[in-house]
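> I have a structure I would like to understand better, so I am pasting it below and will then ask my questions one at a time.
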Amino acid sequence: MKRDPRLRGSSAEHHHALVLARALEAGAPVHDLRARFERELEPHLAIEEEVLLPALRAAGEHALVERTLREHAALRRLSDEPGRAVSLGALLREHVRFEERELFVACEALLDEPALAALAALAALAALA
């Protein structure tokens with residue numbers, strides 16, 4: 001799928017999230033899951049919540065925003081429960097697919113240059129951290 005260049009960094013992060021999701025669903029041991037979530041996934045979620053979701057809400061995409069926020073909250077809850085790693089993996093896989101197939105498509109269609117540029121800049125900074 002051809003992706004807007006300003007969304008490619010976030011889209012690449014989705015690939016890494018899918019690798020983690022597959023490992024969790026397969027029952028592979030993931031040491032210190034909460035720390036890994038904080039390091040690898042939380043920055044991505046925070047950038048979406050700070051940049052993309054407010055811009056989408058302003059564009060009238062309330063249902064997409066609410067679904068994304070609900071799923072982010074569920075991912076955070078599950079990451080705090082080591083015994084729910086398989087559930088976390090399944091939700092993470094589905095969430096990434098939703099973002100790639102629906103959320104990012106809406107972003108490409110509706111968001112203006114400043115919003116997409118802000119996302120790209122924040123994603124680049126997060127990648128350096």
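A note on labels: chains of the structure tokens are A, B, ... as shown, every chain counts residues from 1, and ligands are counted from 1 in their shown order.
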Contacts of region 80-84 of chain A at 8 Å or less, counting only C-alpha atoms, minus same-chain residues fewer than 4 places along, as a PyMOL selection string?

chain A and resi 33-34+76+88

> Hey, what's within 7 Å of region 63-75 of chain A if we count only C-alpha atoms and toss same-chain stuff fewer than 5 positions away? As a PyMOL selection string, please?

chain A and resi 45+53+56-57+88+92+95+103

> If we count only C-alpha atoms, what is near His16 (chain A) at a cut-off of 12 Å, once residues fewer than 2 positions away on the same chain are taken out, given as a PDB file with N, CA, C and O atoms, in the first residue's frame?


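Dumped everything to result_29.pdb:
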```
ATOM      1  N   GLY A   9       6.916   6.805   8.775  1.00  0.00           N
ATOM      2  CA  GLY A   9       7.579   6.475  10.037  1.00  0.00           C
ATOM      3  C   GLY A   9       6.643   5.778  10.996  1.00  0.00           C
ATOM      4  O   GLY A   9       6.982   4.759  11.606  1.00  0.00           O
ATOM      5  N   SER A  10       5.431   6.315  11.116  1.00  0.00           N
ATOM      6  CA  SER A  10       4.434   5.683  11.988  1.00  0.00           C
ATOM      7  C   SER A  10       4.018   4.325  11.444  1.00  0.00           C
ATOM      8  O   SER A  10       3.804   3.380  12.201  1.00  0.00           O
ATOM      9  N   SER A  11       3.938   4.217  10.142  1.00  0.00           N
ATOM     10  CA  SER A  11       3.577   2.947   9.523  1.00  0.00           C
ATOM     11  C   SER A  11       4.671   1.901   9.762  1.00  0.00           C
ATOM     12  O   SER A  11       4.369   0.734  10.029  1.00  0.00           O
ATOM     13  N   ALA A  12       5.919   2.324   9.728  1.00  0.00           N
ATOM     14  CA  ALA A  12       7.028   1.403  10.005  1.00  0.00           C
ATOM     15  C   ALA A  12       6.968   0.918  11.452  1.00  0.00           C
ATOM     16  O   ALA A  12       7.267  -0.250  11.729  1.00  0.00           O
ATOM     17  N   GLU A  13       6.574   1.793  12.367  1.00  0.00           N
ATOM     18  CA  GLU A  13       6.419   1.383  13.757  1.00  0.00           C
ATOM     19  C   GLU A  13       5.351   0.303  13.878  1.00  0.00           C
ATOM     20  O   GLU A  13       5.445  -0.572  14.736  1.00  0.00           O
ATOM     21  N   HIS A  14       4.359   0.363  13.022  1.00  0.00           N
ATOM     22  CA  HIS A  14       3.323  -0.667  13.033  1.00  0.00           C
ATOM     23  C   HIS A  14       3.904  -2.036  12.707  1.00  0.00           C
ATOM     24  O   HIS A  14       3.462  -3.043  13.255  1.00  0.00           O
ATOM     25  N   LEU A  18       3.515  -5.310  15.012  1.00  0.00           N
ATOM     26  CA  LEU A  18       2.980  -6.601  14.550  1.00  0.00           C
ATOM     27  C   LEU A  18       3.917  -7.756  14.898  1.00  0.00           C
ATOM     28  O   LEU A  18       3.454  -8.853  15.241  1.00  0.00           O
ATOM     29  N   VAL A  19       5.210  -7.528  14.840  1.00  0.00           N
ATOM     30  CA  VAL A  19       6.169  -8.560  15.238  1.00  0.00           C
ATOM     31  C   VAL A  19       5.973  -8.898  16.714  1.00  0.00           C
ATOM     32  O   VAL A  19       5.919 -10.072  17.099  1.00  0.00           O
ATOM     33  N   LEU A  20       5.833  -7.874  17.548  1.00  0.00           N
ATOM     34  CA  LEU A  20       5.576  -8.091  18.972  1.00  0.00           C
ATOM     35  C   LEU A  20       4.234  -8.794  19.174  1.00  0.00           C
ATOM     36  O   LEU A  20       4.137  -9.744  19.966  1.00  0.00           O
ATOM     37  N   ALA A  21       3.216  -8.381  18.454  1.00  0.00           N
ATOM     38  CA  ALA A  21       1.888  -8.992  18.590  1.00  0.00           C
ATOM     39  C   ALA A  21       1.938 -10.485  18.275  1.00  0.00           C
ATOM     40  O   ALA A  21       1.365 -11.299  19.007  1.00  0.00           O
ATOM     41  N   ARG A  22       2.630 -10.837  17.202  1.00  0.00           N
ATOM     42  CA  ARG A  22       2.737 -12.257  16.835  1.00  0.00           C
ATOM     43  C   ARG A  22       3.438 -13.058  17.921  1.00  0.00           C
ATOM     44  O   ARG A  22       3.041 -14.172  18.245  1.00  0.00           O
ATOM     45  N   ALA A  23       4.491 -12.493  18.477  1.00  0.00           N
ATOM     46  CA  ALA A  23       5.221 -13.184  19.545  1.00  0.00           C
ATOM     47  C   ALA A  23       4.321 -13.382  20.763  1.00  0.00           C
ATOM     48  O   ALA A  23       4.288 -14.467  21.355  1.00  0.00           O
ATOM     49  N   ARG A  36       8.811  -2.842  27.945  1.00  0.00           N
ATOM     50  CA  ARG A  36       8.883  -2.871  26.487  1.00  0.00           C
ATOM     51  C   ARG A  36       7.731  -2.075  25.869  1.00  0.00           C
ATOM     52  O   ARG A  36       7.928  -1.338  24.902  1.00  0.00           O
ATOM     53  N   PHE A  37       6.548  -2.202  26.449  1.00  0.00           N
ATOM     54  CA  PHE A  37       5.399  -1.428  25.981  1.00  0.00           C
ATOM     55  C   PHE A  37       5.707   0.062  26.094  1.00  0.00           C
ATOM     56  O   PHE A  37       5.476   0.824  25.158  1.00  0.00           O
ATOM     57  N   GLU A  40       8.510   0.949  23.425  1.00  0.00           N
ATOM     58  CA  GLU A  40       8.264   0.751  21.997  1.00  0.00           C
ATOM     59  C   GLU A  40       6.902   1.244  21.520  1.00  0.00           C
ATOM     60  O   GLU A  40       6.789   1.716  20.384  1.00  0.00           O
ATOM     61  N   LEU A  41       5.883   1.101  22.338  1.00  0.00           N
ATOM     62  CA  LEU A  41       4.537   1.419  21.866  1.00  0.00           C
ATOM     63  C   LEU A  41       3.984   2.733  22.403  1.00  0.00           C
ATOM     64  O   LEU A  41       3.278   3.446  21.686  1.00  0.00           O
ATOM     65  N   HIS A  44       4.449   5.970  20.350  1.00  0.00           N
ATOM     66  CA  HIS A  44       3.603   5.957  19.146  1.00  0.00           C
ATOM     67  C   HIS A  44       2.169   6.357  19.502  1.00  0.00           C
ATOM     68  O   HIS A  44       1.561   7.196  18.830  1.00  0.00           O
ATOM     69  N   LEU A  92      -3.402  -5.864  19.848  1.00  0.00           N
ATOM     70  CA  LEU A  92      -2.391  -5.061  19.165  1.00  0.00           C
ATOM     71  C   LEU A  92      -2.411  -5.336  17.664  1.00  0.00           C
ATOM     72  O   LEU A  92      -2.375  -4.401  16.853  1.00  0.00           O
ATOM     73  N   ARG A  93      -2.512  -6.604  17.298  1.00  0.00           N
ATOM     74  CA  ARG A  93      -2.577  -6.959  15.867  1.00  0.00           C
ATOM     75  C   ARG A  93      -3.787  -6.312  15.194  1.00  0.00           C
ATOM     76  O   ARG A  93      -3.682  -5.683  14.138  1.00  0.00           O
ATOM     77  N   VAL A  96      -3.393  -2.420  14.958  1.00  0.00           N
ATOM     78  CA  VAL A  96      -2.489  -1.988  13.885  1.00  0.00           C
ATOM     79  C   VAL A  96      -3.200  -2.091  12.541  1.00  0.00           C
ATOM     80  O   VAL A  96      -3.120  -1.181  11.708  1.00  0.00           O
TER      81      VAL A  96
END
```

> Considering only C-alpha atoms, state which residue in the set A:Pro43, A:Pro5, A:Gly60, A:Gly27 is at the smallest distance from Ala90 (chain A).

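Of A:Pro43, A:Pro5, A:Gly60, A:Gly27, the one nearest Ala90 (chain A), counting only C-alpha atoms, is A:Gly27.
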
> Quick check, in Å to one decimal: how far apart do CA of Ala85 (chain A) and CA of Leu24 (chain A) lie?

5.6 Å

> What residues in chain A get the DSSP label alpha helix (DSSP H)? Please answer as a PyMOL selection string.

chain A and resi 8-25+33-36+42-47+53-58+62-79+85-98+104-110+113-128

> Any idea what's packed within 9 Å of region 105-115 of chain A, counting only C-alpha atoms, ignoring anything in its chain fewer than 4 positions away? Could you give it as a list in words?

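The residues that qualify are Arg3, Asp4, Leu7, Val51, Leu52, Ala55, Leu56, Ala59, Glu61, Leu64, Glu99, Glu100, Arg101, Leu119 and Ala120 of chain A.
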
> Can I get the selection written as a PDB file, in the first residue's frame, with C-alpha atoms?


```pdb
ATOM      1  CA  ARG A   3       1.554   5.547   2.149  1.00  0.00           C
ATOM      2  CA  ASP A   4       1.962   9.322   2.418  1.00  0.00           C
ATOM      3  CA  LEU A   7       3.023   8.708   7.692  1.00  0.00           C
ATOM      4  CA  VAL A  51      -1.351  15.214  16.826  1.00  0.00           C
ATOM      5  CA  LEU A  52      -3.502  12.917  14.714  1.00  0.00           C
ATOM      6  CA  ALA A  55      -6.828  16.908  13.856  1.00  0.00           C
ATOM      7  CA  LEU A  56      -9.208  14.084  12.926  1.00  0.00           C
ATOM      8  CA  ALA A  59     -12.289  17.147  10.660  1.00  0.00           C
ATOM      9  CA  GLU A  61     -14.076  11.938  12.381  1.00  0.00           C
ATOM     10  CA  LEU A  64     -12.494   6.951  14.385  1.00  0.00           C
ATOM     11  CA  GLU A  99      -4.922   2.047  11.893  1.00  0.00           C
ATOM     12  CA  GLU A 100      -3.350   1.015   8.593  1.00  0.00           C
ATOM     13  CA  ARG A 101      -6.653   0.289   6.827  1.00  0.00           C
ATOM     14  CA  LEU A 119       3.292  13.934  12.941  1.00  0.00           C
ATOM     15  CA  ALA A 120       6.355  13.256  10.795  1.00  0.00           C
TER      16      ALA A 120
END
```

> For a test of reading the model, state the distance in Å between CA of Ala121 (chain A) and CA of Arg6 (chain A), rounded to one decimal.

8.5 Å

> Which one of A:Leu78, A:Leu128, A:Ala123, A:Val86 sits closest to Ile47 (chain A) if you count only C-alpha atoms?

A:Ala123
